[in-house]
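The block underneath contains the structure these notes are about, expressed in structure tokens.
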Amino acid sequence: MNADGSNAKPLEYQTKEGQLNILGFWIFLAAEIVLFSTLFATYAVLFNRTADAPPPAELFEPGTVLVMTFILLTSSFTCGIAIHGMRRGSVKGLMTWLIITLILGLSFLGFEIYEFVHYAGEGATLQSSAFWSAFYILAGTHGVHVTLGIGWATLLLVQLAQRGITSVTSRKVFIIGLYWHFLDVIWIFIFTGVYLIGMVV
Amino acid sequence: MANRSKRIPIQHVVGYVMSIVLTVLAAWAALNSNLPVIWIIILILALAVIQAGIQLFMFMHIIERGTGHAPWQMIFHGFILAAIVVAGSLFTMSFGFNHDHNDDGGHEQHEQHEQE
């Protein structure tokens, strides 16, 4: 099943510690899915309880949301390319694609901040209704995860520049790769469950 | 050519193109199609699940040499729990409540009682 046809395990799996760390991170991601599910459930239950604030269908803009989705999707793709570069042993390729991923992540955050400020200006703030509280907590928790991911990957870039690709750094980069793809998985459901359904209903 | 195909990660490119197509399809279904709302919701949720699968299998390599079975089992059970939490919350908190005050359900039951 190995893409490059060789029998050797990738570097990050070659030590027992590396294998266990990656396994542990998968357990963390499964717990994160459940964490986000509680926020999705809250949002779904409070859907349309907008009180005096404007309803979502009035504020959600298909253009902005689609741009954000494509940016995050592309950043997930470039992150995959970075990991691919790492497995080919190219530090330069890895770091270049990782930096591109971070720039895309930052522009996603920029759009999200613009979006929140815009909604707040239209009278939909965290305090204005149950619906908007649930919306900001759900989208905001995702945004916080993206922010943390950017900080984490920046620190890893410093380590990569100092130490190159070793069994330790490759494991760390592989794990943040998983984290970054996971953020896109959550965003797919926010895009679908929050924005698209909010514009349809 | 063989060297070239190793350089370019075909799987990632295919996954990326498929994700874009699915996103556009979902956006089109939601914004421009004339399907009934309930079918739009079912369709776009199905598209989201497929796209999440692309991320997990094609980008995150949830199944590959060195990982074993634990990762996909963890994530699978995570999604099952998430579905139960969301569907269960909606079932207990939202469904069955009628905010339109036209009391259709209650009326039918009332008539049945009279017949008995």
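Naming works like this for the structure tokens: A, B, ... for the chains as they're shown, residue 1 at the start of each chain, ligands 1 onward in shown order.
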
Kindly provide the residues of chain A that approach chain B to within 7 Å, each paired with its closest atom pair and their distance in Å to one decimal, based on only C-alpha atoms, listed by chain and increasing number, as CSV.
residue,atom,partner,partner_atom,distance
A:Met1,CA,B:Glu64,CA,6.9
A:Asn2,CA,B:Arg65,CA,6.7
A:Asp4,CA,B:Lys6,CA,6.5
A:Lys9,CA,B:Gly66,CA,6.1
A:Tyr13,CA,B:Gly66,CA,5.9
A:Leu23,CA,B:Pro71,CA,6.6
A:Trp26,CA,B:Pro71,CA,5.6
A:Ile27,CA,B:Met74,CA,6.1
A:Ala30,CA,B:Gly78,CA,4.8
A:Ala31,CA,B:Gly78,CA,6.7
A:Ile33,CA,B:Gly78,CA,5.8
A:Val34,CA,B:Ala82,CA,5.2
A:Ser37,CA,B:Ala82,CA,4.8
A:Thr38,CA,B:Val85,CA,6.6
A:Phe40,CA,B:Val86,CA,6.6
A:Ala41,CA,B:Val86,CA,4.4
A:Ala44,CA,B:Leu90,CA,6.8
A:Val45,CA,B:Leu90,CA,5.7
A:Phe77,CA,B:Tyr16,CA,6.2
A:Gly80,CA,B:Phe59,CA,5.9
A:Leu178,CA,B:Met60,CA,5.8
A:His181,CA,B:Gln55,CA,6.5
A:Val185,CA,B:Ala52,CA,5.2
A:Ile188,CA,B:Ala48,CA,6.1
A:Phe189,CA,B:Ala48,CA,6.3
A:Thr192,CA,B:Ile44,CA,6.5
A:Leu196,CA,B:Ala30,CA,6.0
A:Ile197,CA,B:Ile41,CA,6.6
A:Val200,CA,B:Ala30,CA,6.0
A:Val201,CA,B:Val37,CA,6.9

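Counting from CA of Tyr119 in chain A, the distance to CA of Leu59 in chain A is 6.8 Å.
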
- Query: What does the distance from CA of Trp132 in chain A to CA of Val144 in chain A come to in Å, to one decimal?
  - Reply: 17.3 Å

- Message: Report as a PyMOL selection string all protein, DNA and RNA residues lying within 7 Å of Ser75 in chain A, evaluated on only C-alpha atoms, omitting residues in the same chain fewer than 2 positions from it.
- Response: chain A and resi 71-73+77-79+101+104-105

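Computed from the coordinates, the CA of Val21 in chain B to CA of Phe57 in chain B distance equals 17.2 Å.
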
- Message: Just want the 8 Å neighbourhood of range 84-99 of chain A, counted on only C-alpha atoms, with same-chain residues fewer than 5 positions away dropped. Output as a list of chain:residue names.
- Response: A:Pro10, A:Leu11, A:Thr78, A:Cys79, A:Ala153, A:Leu157, A:Leu160, A:Gly164, A:Ile165, A:Ser170, B:Pro9

- Query: Using only C-alpha atoms, which of the listed residues (A:Ile83, A:Ala51, A:Leu106, A:Leu156) sits closest to Met68 in chain A?
  - Reply: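 Under the stated criterion, the closest residue is A:Leu106.
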
- Task: Any chance you could list, as a PyMOL selection string, the residues in chain A that come up alpha helix (DSSP H) when DSSP is run on the backbone?
- Result: chain A and resi 16-45+56-59+62-87+91-121+130-163+167-190+197-200

- Item | Top pick for closest residue to Leu43 in chain B, considering A:Gly149, A:Gly18, A:Gly193, A:Pro54 and counting only C-alpha atoms |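 Between A:Gly149, A:Gly18, A:Gly193, A:Pro54, the residue approaching Leu43 in chain B most closely is A:Gly193.
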
- Compare A:Ala57, A:Leu148, A:Glu32, A:Thr69 by their minimum atom-to-atom distance to Leu22 in chain B, counting only C-alpha atoms, and give me the closest one. A:Thr69

- Task: Quick one: everything within 8 Å of Leu39 in chain A, counting only C-alpha atoms, minus sequence neighbours fewer than 5 positions away in the same chain. Send it as JSON, numbers by chain.
- Result: {"A": [134, 137, 138]}

Could those residues be written to a file, using N, CA and C atoms, as a tab-separated table (two decimals), in the first residue's frame?
chain	number	residue	atom	x	y	z
A	134	ALA	N	-24.10	30.69	20.08
A	134	ALA	CA	-23.71	29.35	19.63
A	134	ALA	C	-22.85	29.44	18.38
A	137	ILE	N	-19.30	30.76	19.30
A	137	ILE	CA	-18.52	29.78	20.05
A	137	ILE	C	-18.03	28.67	19.11
A	138	LEU	N	-18.91	28.20	18.23
A	138	LEU	CA	-18.53	27.12	17.31
A	138	LEU	C	-17.46	27.58	16.32

- Message: Give me, as a list in words, all polymer residues having an atom no more than 7 Å from Ile150 in chain A, counting only C-alpha atoms and skipping those fewer than 4 positions away in the same chain.
- Response: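 Residues meeting the cut-off are Leu102, Val146 and Thr154 of chain A.
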
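Here the question is which of A:Val173, A:Thr42, A:Thr15, A:Val117 gets nearest to Gln159 in chain A using only C-alpha atoms, and that residue is A:Val173.
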